[in-house]
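Student: Input structure-v6.cif, format and content: mmCIF, C-alpha atoms.
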```
data_input
#
loop_
_atom_site.group_PDB
_atom_site.id
_atom_site.type_symbol
_atom_site.label_atom_id
_atom_site.label_comp_id
_atom_site.auth_asym_id
_atom_site.auth_seq_id
_atom_site.Cartn_x
_atom_site.Cartn_y
_atom_site.Cartn_z
ATOM 1 C CA MET A 1 24.347 62.725 108.097
ATOM 2 C CA ARG A 2 22.870 62.059 104.697
ATOM 3 C CA ASP A 3 21.589 58.671 103.632
ATOM 4 C CA VAL A 4 24.162 56.833 101.582
ATOM 5 C CA ASN A 5 24.248 53.517 99.816
ATOM 6 C CA GLN A 6 25.153 50.612 102.086
ATOM 7 C CA SER A 7 27.908 49.414 99.733
ATOM 8 C CA THR A 8 29.499 52.652 98.552
ATOM 9 C CA VAL A 9 29.460 56.368 99.209
ATOM 10 C CA LYS A 10 28.020 58.449 96.358
ATOM 11 C CA GLU A 11 28.948 61.811 97.854
ATOM 12 C CA PHE A 12 30.921 63.321 100.698
ATOM 13 C CA ILE A 13 29.972 66.073 103.132
ATOM 14 C CA LEU A 14 32.693 68.682 103.666
ATOM 15 C CA LEU A 15 32.306 69.908 107.238
ATOM 16 C CA GLY A 16 34.615 72.858 106.660
ATOM 17 C CA PHE A 17 34.792 75.314 109.537
ATOM 18 C CA ALA A 18 32.410 76.050 112.405
ATOM 19 C CA PRO A 19 28.837 76.056 110.986
ATOM 20 C CA ASN A 20 27.804 79.035 113.097
ATOM 21 C CA PRO A 21 25.342 81.437 111.399
ATOM 22 C CA ARG A 22 26.902 84.352 113.268
ATOM 23 C CA ILE A 23 30.489 83.498 112.367
ATOM 24 C CA ASN A 24 29.909 82.350 108.779
ATOM 25 C CA PRO A 25 29.513 85.861 107.265
ATOM 26 C CA LEU A 26 32.787 86.915 108.904
ATOM 27 C CA LEU A 27 34.571 83.796 107.639
ATOM 28 C CA PHE A 28 33.149 84.338 104.171
ATOM 29 C CA THR A 29 34.320 87.970 104.074
ATOM 30 C CA PHE A 30 37.759 87.082 105.444
ATOM 31 C CA PHE A 31 38.450 84.306 102.925
ATOM 32 C CA LEU A 32 36.891 86.226 100.033
ATOM 33 C CA VAL A 33 39.181 89.206 100.661
ATOM 34 C CA PHE A 34 42.197 86.912 100.886
ATOM 35 C CA TYR A 35 41.231 85.111 97.672
ATOM 36 C CA LEU A 36 40.720 88.359 95.746
ATOM 37 C CA LEU A 37 44.071 89.657 97.004
ATOM 38 C CA ILE A 38 45.724 86.425 95.859
ATOM 39 C CA LEU A 39 44.199 86.778 92.392
ATOM 40 C CA MET A 40 45.070 90.466 92.058
ATOM 41 C CA SER A 41 48.611 90.334 93.467
ATOM 42 C CA ASN A 42 49.675 87.257 91.495
ATOM 43 C CA SER A 43 48.029 88.521 88.302
ATOM 44 C CA LEU A 44 49.766 91.874 88.733
ATOM 45 C CA LEU A 45 53.132 90.172 89.209
ATOM 46 C CA ILE A 46 52.603 88.061 86.077
ATOM 47 C CA THR A 47 51.623 91.187 84.123
ATOM 48 C CA LEU A 48 54.680 93.131 85.297
ATOM 49 C CA ILE A 49 57.022 90.294 84.339
ATOM 50 C CA HIS A 50 55.374 89.990 80.928
ATOM 51 C CA GLN A 51 55.331 93.737 80.193
ATOM 52 C CA ASP A 52 58.759 94.855 81.419
ATOM 53 C CA SER A 53 61.689 93.653 79.294
ATOM 54 C CA ARG A 54 64.074 94.042 82.262
ATOM 55 C CA LEU A 55 62.194 91.209 83.955
ATOM 56 C CA HIS A 56 62.596 88.819 81.016
ATOM 57 C CA THR A 57 65.137 86.672 82.851
ATOM 58 C CA PRO A 58 65.038 83.035 84.042
ATOM 59 C CA MET A 59 64.448 84.047 87.677
ATOM 60 C CA TYR A 60 61.364 86.114 86.850
ATOM 61 C CA PHE A 61 60.145 83.503 84.396
ATOM 62 C CA PHE A 62 60.083 80.962 87.245
ATOM 63 C CA ILE A 63 58.427 83.514 89.557
ATOM 64 C CA SER A 64 55.678 84.055 86.963
ATOM 65 C CA VAL A 65 55.135 80.292 86.749
ATOM 66 C CA LEU A 66 54.969 80.180 90.547
ATOM 67 C CA SER A 67 52.321 82.905 90.531
ATOM 68 C CA MET A 68 50.253 81.009 87.955
ATOM 69 C CA LEU A 69 50.480 77.855 90.060
ATOM 70 C CA ASP A 70 49.378 79.785 93.156
ATOM 71 C CA VAL A 71 46.316 81.127 91.347
ATOM 72 C CA CYS A 72 45.371 77.641 90.109
ATOM 73 C CA TYR A 73 46.234 76.070 93.468
ATOM 74 C CA THR A 74 43.866 78.294 95.442
ATOM 75 C CA THR A 75 41.118 78.348 92.796
ATOM 76 C CA THR A 76 40.868 74.564 93.137
ATOM 77 C CA THR A 77 39.664 74.875 96.738
ATOM 78 C CA VAL A 78 38.720 78.406 97.853
ATOM 79 C CA PRO A 79 35.649 79.155 95.644
ATOM 80 C CA GLN A 80 34.020 75.909 96.770
ATOM 81 C CA MET A 81 34.848 76.722 100.390
ATOM 82 C CA LEU A 82 33.220 80.168 100.031
ATOM 83 C CA VAL A 83 30.031 78.603 98.649
ATOM 84 C CA HIS A 84 29.910 76.026 101.450
ATOM 85 C CA ILE A 85 30.367 78.639 104.178
ATOM 86 C CA LEU A 86 27.080 80.314 103.228
ATOM 87 C CA SER A 87 25.268 77.184 102.085
ATOM 88 C CA GLN A 88 23.352 74.545 104.030
ATOM 89 C CA LYS A 89 24.330 71.955 101.413
ATOM 90 C CA ARG A 90 28.000 71.072 101.718
ATOM 91 C CA ALA A 91 27.996 67.931 99.623
ATOM 92 C CA ILE A 92 30.522 67.054 96.929
ATOM 93 C CA SER A 93 30.065 64.091 94.612
ATOM 94 C CA PHE A 94 32.554 61.239 94.640
ATOM 95 C CA ALA A 95 33.739 62.110 91.117
ATOM 96 C CA ARG A 96 34.202 65.812 91.951
ATOM 97 C CA CYS A 97 36.079 64.853 95.104
ATOM 98 C CA VAL A 98 38.482 62.708 93.073
ATOM 99 C CA ALA A 99 38.954 65.492 90.513
ATOM 100 C CA GLN A 100 39.588 68.124 93.184
ATOM 101 C CA MET A 101 42.048 65.883 95.004
ATOM 102 C CA TYR A 102 44.034 65.193 91.834
ATOM 103 C CA ILE A 103 44.092 68.780 90.525
ATOM 104 C CA PHE A 104 45.142 70.117 93.935
ATOM 105 C CA LEU A 105 47.983 67.589 94.144
ATOM 106 C CA LEU A 106 49.001 68.231 90.524
ATOM 107 C CA PHE A 107 49.615 71.925 91.204
ATOM 108 C CA GLY A 108 51.040 71.304 94.679
ATOM 109 C CA VAL A 109 53.647 68.744 93.591
ATOM 110 C CA THR A 110 54.551 70.867 90.565
ATOM 111 C CA GLU A 111 55.127 73.852 92.865
ATOM 112 C CA SER A 112 57.232 71.749 95.227
ATOM 113 C CA TRP A 113 59.618 70.792 92.428
ATOM 114 C CA LEU A 114 59.561 74.308 90.982
ATOM 115 C CA PHE A 115 61.093 75.575 94.237
ATOM 116 C CA SER A 116 64.070 73.261 93.705
ATOM 117 C CA ILE A 117 64.477 74.469 90.122
ATOM 118 C CA MET A 118 64.407 78.071 91.329
ATOM 119 C CA SER A 119 67.223 77.298 93.779
ATOM 120 C CA VAL A 120 69.298 75.838 90.927
ATOM 121 C CA ASP A 121 68.642 79.026 88.966
ATOM 122 C CA ARG A 122 69.962 81.103 91.901
ATOM 123 C CA TYR A 123 73.048 78.861 92.073
ATOM 124 C CA MET A 124 73.790 79.422 88.399
ATOM 125 C CA ALA A 125 73.278 83.194 88.715
ATOM 126 C CA ILE A 126 75.587 83.539 91.718
ATOM 127 C CA CYS A 127 78.193 80.824 91.156
ATOM 128 C CA GLN A 128 78.297 80.792 87.332
ATOM 129 C CA PRO A 129 77.475 84.412 86.389
ATOM 130 C CA LEU A 130 79.425 84.438 83.107
ATOM 131 C CA ARG A 131 77.730 81.278 81.803
ATOM 132 C CA TYR A 132 74.347 81.937 83.398
ATOM 133 C CA LYS A 133 72.457 83.189 80.340
ATOM 134 C CA VAL A 134 73.930 80.456 78.148
ATOM 135 C CA ILE A 135 73.090 77.620 80.549
ATOM 136 C CA MET A 136 69.662 78.933 81.607
ATOM 137 C CA SER A 137 68.343 79.599 78.118
ATOM 138 C CA HIS A 138 64.628 80.008 77.426
ATOM 139 C CA TRP A 139 64.291 76.454 76.133
ATOM 140 C CA VAL A 140 66.128 75.045 79.143
ATOM 141 C CA CYS A 141 63.762 76.946 81.443
ATOM 142 C CA LEU A 142 60.746 75.579 79.579
ATOM 143 C CA ALA A 143 62.160 72.048 79.803
ATOM 144 C CA LEU A 144 62.732 72.403 83.556
ATOM 145 C CA VAL A 145 59.156 73.591 84.076
ATOM 146 C CA GLY A 146 57.993 70.637 81.959
ATOM 147 C CA ILE A 147 59.859 68.264 84.289
ATOM 148 C CA CYS A 148 58.134 69.870 87.288
ATOM 149 C CA VAL A 149 54.734 69.383 85.628
ATOM 150 C CA ALA A 150 55.590 65.736 84.853
ATOM 151 C CA TYR A 151 56.358 65.159 88.542
ATOM 152 C CA GLY A 152 53.057 66.844 89.370
ATOM 153 C CA VAL A 153 51.114 64.564 87.030
ATOM 154 C CA VAL A 154 52.740 61.364 88.328
ATOM 155 C CA GLY A 155 52.769 62.380 91.998
ATOM 156 C CA GLY A 156 49.132 63.468 91.875
ATOM 157 C CA LEU A 157 48.140 60.187 90.226
ATOM 158 C CA CYS A 158 49.948 58.114 92.871
ATOM 159 C CA TYR A 159 48.256 59.888 95.762
ATOM 160 C CA THR A 160 44.806 59.946 94.159
ATOM 161 C CA PHE A 161 44.766 56.422 92.727
ATOM 162 C CA PHE A 162 45.753 54.705 95.970
ATOM 163 C CA ALA A 163 43.402 56.875 98.036
ATOM 164 C CA MET A 164 40.301 56.397 95.873
ATOM 165 C CA ARG A 165 40.795 52.676 95.159
ATOM 166 C CA LEU A 166 39.724 51.989 98.744
ATOM 167 C CA PRO A 167 36.065 51.270 99.557
ATOM 168 C CA TYR A 168 34.090 54.089 101.185
ATOM 169 C CA CYS A 169 30.869 52.751 102.680
ATOM 170 C CA GLY A 170 30.114 55.361 105.330
ATOM 171 C CA PRO A 171 30.400 57.615 107.249
ATOM 172 C CA ASN A 172 30.795 60.241 104.548
ATOM 173 C CA GLU A 173 31.634 63.414 106.502
ATOM 174 C CA ILE A 174 35.099 64.826 105.738
ATOM 175 C CA ASP A 175 36.470 67.027 108.512
ATOM 176 C CA HIS A 176 38.040 69.449 106.048
ATOM 177 C CA TYR A 177 37.128 72.229 103.627
ATOM 178 C CA PHE A 178 38.216 70.261 100.540
ATOM 179 C CA CYS A 179 39.061 66.693 99.533
ATOM 180 C CA GLU A 180 42.606 66.311 100.823
ATOM 181 C CA VAL A 181 44.146 62.843 100.977
ATOM 182 C CA PRO A 182 44.794 62.539 104.758
ATOM 183 C CA ALA A 183 41.254 63.675 105.605
ATOM 184 C CA VAL A 184 39.562 61.392 103.048
ATOM 185 C CA LEU A 185 41.576 58.322 104.064
ATOM 186 C CA LYS A 186 40.076 58.501 107.563
ATOM 187 C CA LEU A 187 36.711 57.473 106.054
ATOM 188 C CA ALA A 188 37.976 54.362 104.239
ATOM 189 C CA CYS A 189 36.275 51.067 105.147
ATOM 190 C CA ALA A 190 39.496 49.088 104.777
ATOM 191 C CA ASP A 191 43.032 48.844 106.091
ATOM 192 C CA THR A 192 45.031 51.918 104.999
ATOM 193 C CA SER A 193 48.501 50.639 105.927
ATOM 194 C CA LEU A 194 49.427 50.226 102.236
ATOM 195 C CA ASN A 195 48.244 53.782 101.582
ATOM 196 C CA ASP A 196 50.307 55.046 104.495
ATOM 197 C CA LEU A 197 53.392 53.417 102.989
ATOM 198 C CA VAL A 198 52.656 54.667 99.469
ATOM 199 C CA ASP A 199 51.920 58.187 100.727
ATOM 200 C CA PHE A 200 55.157 58.211 102.729
ATOM 201 C CA ILE A 201 57.235 57.055 99.740
ATOM 202 C CA THR A 202 55.465 59.455 97.374
ATOM 203 C CA GLY A 203 55.785 62.301 99.866
ATOM 204 C CA PHE A 204 59.486 61.576 100.219
ATOM 205 C CA ASN A 205 59.947 61.858 96.446
ATOM 206 C CA VAL A 206 57.794 64.931 95.853
ATOM 207 C CA ILE A 207 58.477 66.887 99.068
ATOM 208 C CA VAL A 208 61.647 65.723 100.840
ATOM 209 C CA VAL A 209 63.775 65.161 97.715
ATOM 210 C CA PRO A 210 63.165 68.623 96.186
ATOM 211 C CA LEU A 211 63.552 70.229 99.622
ATOM 212 C CA SER A 212 66.845 68.375 100.117
ATOM 213 C CA LEU A 213 67.988 69.620 96.722
ATOM 214 C CA VAL A 214 67.169 73.171 97.823
ATOM 215 C CA VAL A 215 69.233 72.694 101.017
ATOM 216 C CA ILE A 216 72.223 71.247 99.119
ATOM 217 C CA VAL A 217 72.133 73.994 96.491
ATOM 218 C CA TYR A 218 71.922 76.780 99.057
ATOM 219 C CA ALA A 219 74.745 75.251 101.107
ATOM 220 C CA ASN A 220 76.927 75.567 98.003
ATOM 221 C CA ILE A 221 75.630 79.085 97.364
ATOM 222 C CA PHE A 222 76.435 80.218 100.909
ATOM 223 C CA ALA A 223 79.905 78.662 100.655
ATOM 224 C CA ALA A 224 80.487 80.652 97.463
ATOM 225 C CA ILE A 225 79.090 83.835 99.001
ATOM 226 C CA MET A 226 81.457 83.617 101.973
ATOM 227 C CA LYS A 227 84.376 83.733 99.539
ATOM 228 C CA ILE A 228 83.286 87.169 98.305
ATOM 229 C CA HIS A 229 85.664 89.735 99.789
ATOM 230 C CA SER A 230 83.289 92.689 99.590
ATOM 231 C CA ALA A 231 80.803 92.904 102.486
ATOM 232 C CA GLN A 232 78.362 94.746 100.224
ATOM 233 C CA GLY A 233 78.673 91.985 97.639
ATOM 234 C CA ARG A 234 77.902 89.322 100.256
ATOM 235 C CA ILE A 235 74.845 91.224 101.470
ATOM 236 C CA LYS A 236 73.557 91.632 97.906
ATOM 237 C CA ALA A 237 74.049 87.927 97.178
ATOM 238 C CA PHE A 238 72.315 86.910 100.417
ATOM 239 C CA SER A 239 69.372 89.231 99.707
ATOM 240 C CA THR A 240 68.722 87.590 96.330
ATOM 241 C CA CYS A 241 68.297 84.222 98.096
ATOM 242 C CA ALA A 242 66.461 85.315 101.247
ATOM 243 C CA SER A 243 63.038 85.669 99.611
ATOM 244 C CA HIS A 244 63.238 82.222 98.018
ATOM 245 C CA ILE A 245 64.327 80.552 101.268
ATOM 246 C CA THR A 246 61.410 82.215 103.106
ATOM 247 C CA VAL A 247 58.841 81.001 100.579
ATOM 248 C CA VAL A 248 60.210 77.439 100.489
ATOM 249 C CA THR A 249 60.177 77.186 104.288
ATOM 250 C CA MET A 250 56.558 78.384 104.557
ATOM 251 C CA PHE A 251 55.438 75.879 101.938
ATOM 252 C CA ALA A 252 57.516 72.820 102.802
ATOM 253 C CA ILE A 253 57.196 72.503 106.590
ATOM 254 C CA PRO A 254 53.356 72.216 106.723
ATOM 255 C CA CYS A 255 53.394 69.854 103.716
ATOM 256 C CA ILE A 256 55.909 67.548 105.388
ATOM 257 C CA ILE A 257 53.857 67.479 108.596
ATOM 258 C CA MET A 258 50.650 66.676 106.687
ATOM 259 C CA TYR A 259 51.909 64.172 104.116
ATOM 260 C CA MET A 260 54.865 62.570 105.894
ATOM 261 C CA SER A 261 52.893 61.628 109.042
ATOM 262 C CA PRO A 262 50.536 58.963 107.658
ATOM 263 C CA GLY A 263 47.740 57.767 109.908
ATOM 264 C CA SER A 264 48.473 60.345 112.601
ATOM 265 C CA ASP A 265 45.353 61.088 114.665
ATOM 266 C CA SER A 266 46.981 64.194 116.124
ATOM 267 C CA LEU A 267 46.494 65.956 112.793
ATOM 268 C CA SER A 268 42.698 65.644 112.813
ATOM 269 C CA ASN A 269 42.038 69.085 114.282
ATOM 270 C CA ASN A 270 45.120 70.840 112.891
ATOM 271 C CA GLY A 271 44.907 69.545 109.312
ATOM 272 C CA LYS A 272 42.553 72.282 108.133
ATOM 273 C CA LYS A 273 44.695 74.986 109.701
ATOM 274 C CA MET A 274 47.904 73.726 108.108
ATOM 275 C CA ALA A 275 46.146 73.338 104.765
ATOM 276 C CA LEU A 276 45.050 76.973 105.000
ATOM 277 C CA PHE A 277 48.663 77.941 105.541
ATOM 278 C CA TYR A 278 50.198 76.220 102.500
ATOM 279 C CA ASN A 279 47.087 76.585 100.331
ATOM 280 C CA ILE A 280 46.144 80.223 100.991
ATOM 281 C CA ALA A 281 48.726 81.996 103.146
ATOM 282 C CA THR A 282 51.740 81.121 100.998
ATOM 283 C CA ALA A 283 49.876 81.999 97.790
ATOM 284 C CA PHE A 284 49.134 85.410 99.309
ATOM 285 C CA LEU A 285 52.645 85.990 100.658
ATOM 286 C CA ASN A 286 54.610 84.812 97.596
ATOM 287 C CA PRO A 287 54.008 87.928 95.445
ATOM 288 C CA VAL A 288 54.392 90.165 98.513
ATOM 289 C CA ILE A 289 57.786 88.680 99.396
ATOM 290 C CA TYR A 290 59.090 88.692 95.831
ATOM 291 C CA SER A 291 57.907 92.229 95.090
ATOM 292 C CA LEU A 292 58.597 94.134 98.315
ATOM 293 C CA ARG A 293 62.181 92.857 98.454
ATOM 294 C CA ASN A 294 62.811 93.479 94.763
ATOM 295 C CA LYS A 295 63.753 96.866 93.291
ATOM 296 C CA ASP A 296 63.251 95.669 89.700
ATOM 297 C CA VAL A 297 59.635 94.711 90.373
ATOM 298 C CA LYS A 298 58.989 98.058 92.078
ATOM 299 C CA LYS A 299 60.445 99.907 89.083
ATOM 300 C CA ALA A 300 58.327 97.836 86.704
ATOM 301 C CA PHE A 301 55.208 98.647 88.749
ATOM 302 C CA LEU A 302 55.954 102.404 88.708
ATOM 303 C CA LYS A 303 56.626 102.212 84.987
ATOM 304 C CA LEU A 304 53.291 100.463 84.410
ATOM 305 C CA MET A 305 51.481 103.106 86.488
ATOM 306 C CA ARG A 306 53.065 105.946 84.514
ATOM 307 C CA TRP A 307 52.197 104.214 81.246
ATOM 308 C CA SER A 308 48.554 103.723 82.294
ATOM 309 C CA ARG A 309 48.245 107.399 83.261
ATOM 310 C CA ALA A 310 49.902 108.748 80.125
ATOM 311 C CA PRO A 311 47.615 111.020 78.073
ATOM 312 C CA GLU A 312 46.320 109.602 74.813
#
```
Re-express the file's structure as structure tokens.

Tutor:
Amino acid sequence: MRDVNQSTVKEFILLGFAPNPRINPLLFTFFLVFYLLILMSNSLLITLIHQDSRLHTPMYFFISVLSMLDVCYTTTTVPQMLVHILSQKRAISFARCVAQMYIFLLFGVTESWLFSIMSVDRYMAICQPLRYKVIMSHWVCLALVGICVAYGVVGGLCYTFFAMRLPYCGPNEIDHYFCEVPAVLKLACADTSLNDLVDFITGFNVIVVPLSLVVIVYANIFAAIMKIHSAQGRIKAFSTCASHITVVTMFAIPCIIMYMSPGSDSLSNNGKKMALFYNIATAFLNPVIYSLRNKDVKKAFLKLMRWSRAPE
């Protein structure tokens, strides 16, 4: 362990994953490929939505925002992790740790609330089809995204402020690959019971509340779908919701386990794995789920390919 000041920690050491010289190149290649795929797939989805006029609808607008959040979300943590895998120096300054923690939470909380807004959009499209375009206008969509960002700003501040107000006087080794609140709090040289309470309340508002809204909205959607007499119509309506439900489930469950179980020692070894799931795996799977199950996106992709190959 590095020498630190007796009164306060100036930097943290991110232990990351197994520091094995034989395994590190494999880990680096694995995460690098995943990160590049995340960048390419989400960027492609954003480009398709921007280029194809058929995709200029509220649903695809929210999907494009989701893709942008996923790119920012992973870029906050993965490049640093890649550097640390191949480097002997795995230190991060106190200020950089605070910044990373806040930016990660900003995008994460924003994405959590965006999922609830996307479920409301699906409700309007299925249950209010005649008024859908009037209610979900472009300015309304922008305002809803703004509300999500506001929750991200406030939620991120609550988590970060209460975590970093505590004294950290050593040890300074974080058993994680980035500065995540539960992992950092384990190093605090003070009672963290207040933080556990604040984190639980904040987590309830930024994770459980939007997830509950998603459940309530989809309960109403399914009730409306069951009233459709045509079996083909019910299947089509269900298929439009299935991708969103899949993505929300993959994101929400690990987040609830991590942030709604304050002070749990059982998460010490599994925290990094769960963080990988909602930080990297979901960002990789989101564009795959939304594109493979969507005929409009496939048509837009084929159209873009034909346009790029057209002779000058």

Student: Pull out every residue that the PyMOL selection byres ((chain A and resi 77-88) around 10) matches in the shown coordinates and put them as a VMD selection string.

Tutor: chain A and resid 14 to 21 23 to 32 34 to 35 72 to 76 89 to 92 100 to 101 103 to 104 176 to 180 276 279 to 280

Student: How would the residues just picked look written out with C-alpha atoms as a PDB file, keeping the file's coordinate frame?

Tutor:
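Produced file out10.pdb, reproduced below:
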```
ATOM      1  CA  LEU A  14      32.693  68.682 103.666  1.00  0.00           C
ATOM      2  CA  LEU A  15      32.306  69.908 107.238  1.00  0.00           C
ATOM      3  CA  GLY A  16      34.615  72.858 106.660  1.00  0.00           C
ATOM      4  CA  PHE A  17      34.792  75.314 109.537  1.00  0.00           C
ATOM      5  CA  ALA A  18      32.410  76.050 112.405  1.00  0.00           C
ATOM      6  CA  PRO A  19      28.837  76.056 110.986  1.00  0.00           C
ATOM      7  CA  ASN A  20      27.804  79.035 113.097  1.00  0.00           C
ATOM      8  CA  PRO A  21      25.342  81.437 111.399  1.00  0.00           C
ATOM      9  CA  ILE A  23      30.489  83.498 112.367  1.00  0.00           C
ATOM     10  CA  ASN A  24      29.909  82.350 108.779  1.00  0.00           C
ATOM     11  CA  PRO A  25      29.513  85.861 107.265  1.00  0.00           C
ATOM     12  CA  LEU A  26      32.787  86.915 108.904  1.00  0.00           C
ATOM     13  CA  LEU A  27      34.571  83.796 107.639  1.00  0.00           C
ATOM     14  CA  PHE A  28      33.149  84.338 104.171  1.00  0.00           C
ATOM     15  CA  THR A  29      34.320  87.970 104.074  1.00  0.00           C
ATOM     16  CA  PHE A  30      37.759  87.082 105.444  1.00  0.00           C
ATOM     17  CA  PHE A  31      38.450  84.306 102.925  1.00  0.00           C
ATOM     18  CA  LEU A  32      36.891  86.226 100.033  1.00  0.00           C
ATOM     19  CA  PHE A  34      42.197  86.912 100.886  1.00  0.00           C
ATOM     20  CA  TYR A  35      41.231  85.111  97.672  1.00  0.00           C
ATOM     21  CA  CYS A  72      45.371  77.641  90.109  1.00  0.00           C
ATOM     22  CA  TYR A  73      46.234  76.070  93.468  1.00  0.00           C
ATOM     23  CA  THR A  74      43.866  78.294  95.442  1.00  0.00           C
ATOM     24  CA  THR A  75      41.118  78.348  92.796  1.00  0.00           C
ATOM     25  CA  THR A  76      40.868  74.564  93.137  1.00  0.00           C
ATOM     26  CA  LYS A  89      24.330  71.955 101.413  1.00  0.00           C
ATOM     27  CA  ARG A  90      28.000  71.072 101.718  1.00  0.00           C
ATOM     28  CA  ALA A  91      27.996  67.931  99.623  1.00  0.00           C
ATOM     29  CA  ILE A  92      30.522  67.054  96.929  1.00  0.00           C
ATOM     30  CA  GLN A 100      39.588  68.124  93.184  1.00  0.00           C
ATOM     31  CA  MET A 101      42.048  65.883  95.004  1.00  0.00           C
ATOM     32  CA  ILE A 103      44.092  68.780  90.525  1.00  0.00           C
ATOM     33  CA  PHE A 104      45.142  70.117  93.935  1.00  0.00           C
ATOM     34  CA  HIS A 176      38.040  69.449 106.048  1.00  0.00           C
ATOM     35  CA  TYR A 177      37.128  72.229 103.627  1.00  0.00           C
ATOM     36  CA  PHE A 178      38.216  70.261 100.540  1.00  0.00           C
ATOM     37  CA  CYS A 179      39.061  66.693  99.533  1.00  0.00           C
ATOM     38  CA  GLU A 180      42.606  66.311 100.823  1.00  0.00           C
ATOM     39  CA  LEU A 276      45.050  76.973 105.000  1.00  0.00           C
ATOM     40  CA  ASN A 279      47.087  76.585 100.331  1.00  0.00           C
ATOM     41  CA  ILE A 280      46.144  80.223 100.991  1.00  0.00           C
TER      42      ILE A 280
END
```

Student: Between A:Ser41, A:Thr160, A:Ser93, A:Ser67, which has the minimum distance to Val198 of chain A (counting only C-alpha atoms)?

Tutor: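 Of A:Ser41, A:Thr160, A:Ser93, A:Ser67, the one nearest Val198 of chain A is A:Thr160, counting only C-alpha atoms.
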
Student: For this file, the PyMOL selection byres ((chain A and resi 122) around 10) selects which residues, as a PyMOL selection string?

Tutor: chain A and resi 58-59+116-121+123-129+132+217-218+221+237+240-241+244

Student: For C-alpha atoms, I'd like the residues from the last selection saved as a PDB file, in the coordinates of the input.

Tutor:
```
ATOM      1  CA  PRO A  58      65.038  83.035  84.042  1.00  0.00           C
ATOM      2  CA  MET A  59      64.448  84.047  87.677  1.00  0.00           C
ATOM      3  CA  SER A 116      64.070  73.261  93.705  1.00  0.00           C
ATOM      4  CA  ILE A 117      64.477  74.469  90.122  1.00  0.00           C
ATOM      5  CA  MET A 118      64.407  78.071  91.329  1.00  0.00           C
ATOM      6  CA  SER A 119      67.223  77.298  93.779  1.00  0.00           C
ATOM      7  CA  VAL A 120      69.298  75.838  90.927  1.00  0.00           C
ATOM      8  CA  ASP A 121      68.642  79.026  88.966  1.00  0.00           C
ATOM      9  CA  TYR A 123      73.048  78.861  92.073  1.00  0.00           C
ATOM     10  CA  MET A 124      73.790  79.422  88.399  1.00  0.00           C
ATOM     11  CA  ALA A 125      73.278  83.194  88.715  1.00  0.00           C
ATOM     12  CA  ILE A 126      75.587  83.539  91.718  1.00  0.00           C
ATOM     13  CA  CYS A 127      78.193  80.824  91.156  1.00  0.00           C
ATOM     14  CA  GLN A 128      78.297  80.792  87.332  1.00  0.00           C
ATOM     15  CA  PRO A 129      77.475  84.412  86.389  1.00  0.00           C
ATOM     16  CA  TYR A 132      74.347  81.937  83.398  1.00  0.00           C
ATOM     17  CA  VAL A 217      72.133  73.994  96.491  1.00  0.00           C
ATOM     18  CA  TYR A 218      71.922  76.780  99.057  1.00  0.00           C
ATOM     19  CA  ILE A 221      75.630  79.085  97.364  1.00  0.00           C
ATOM     20  CA  ALA A 237      74.049  87.927  97.178  1.00  0.00           C
ATOM     21  CA  THR A 240      68.722  87.590  96.330  1.00  0.00           C
ATOM     22  CA  CYS A 241      68.297  84.222  98.096  1.00  0.00           C
ATOM     23  CA  HIS A 244      63.238  82.222  98.018  1.00  0.00           C
TER      24      HIS A 244
END
```

Student: Smallest atom-to-atom distance to Ala242 of chain A: which of A:Asp52, A:Val149, A:Tyr290, A:Leu37, using all atoms listed in the file?

Tutor: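 Among A:Asp52, A:Val149, A:Tyr290, A:Leu37, it is A:Tyr290 that comes nearest to Ala242 of chain A.
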
Student: Give me the residues within 9 Å of Val153 of chain A as a count of residues only, counting only C-alpha atoms and dropping any in the same chain fewer than 6 places off.

Tutor: 7
